[in-house]
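Below is one structure, written out as structure tokens, with a few remarks after it.
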Amino acid sequence: AIAQNRLARILATGRGVPADPTAAAKYHFLASSAGKTDDFLDTFVENLPPEQRQLAVAAAQRWPAN
């Protein structure tokens, strides 16, 4: 969960890699479901367009198959 959280932060901010908000939200949802909380990512995900949030939720539900 900690690694998923860190990856979500990297993808959200684009630190060292191109930013990918949908993937960031996906990994945040996975980390959150495992008990890792993160206020920054909660706010980040809340500010995403609904379509991106829905894609992230669907991707998290399919994980690890995708």
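Residue numbering restarts at 1 in every chain; chains get A, B, ... in the order shown in the structure tokens, and ligands count up from 1 in that same order.
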
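Near range 25-39 of chain A, within a cut-off of 7 Å and counting only C-alpha atoms, sit the residues Ala1, Ile2, Gln4, Asn5, Leu7, Ala8, Val45, Arg53, Ala56, Val57, Ala59 and Ala60 of chain A, with same-chain residues fewer than 6 positions away left out.
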
*What is the CA of Ala65 in chain A to CA of Ala3 in chain A distance in Å?*
18.0 Å

*CA of Thr22 in chain A and CA of Thr43 in chain A, how far apart in Å?*
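For CA of Thr43 in chain A relative to CA of Thr22 in chain A, the distance reads 13.8 Å.
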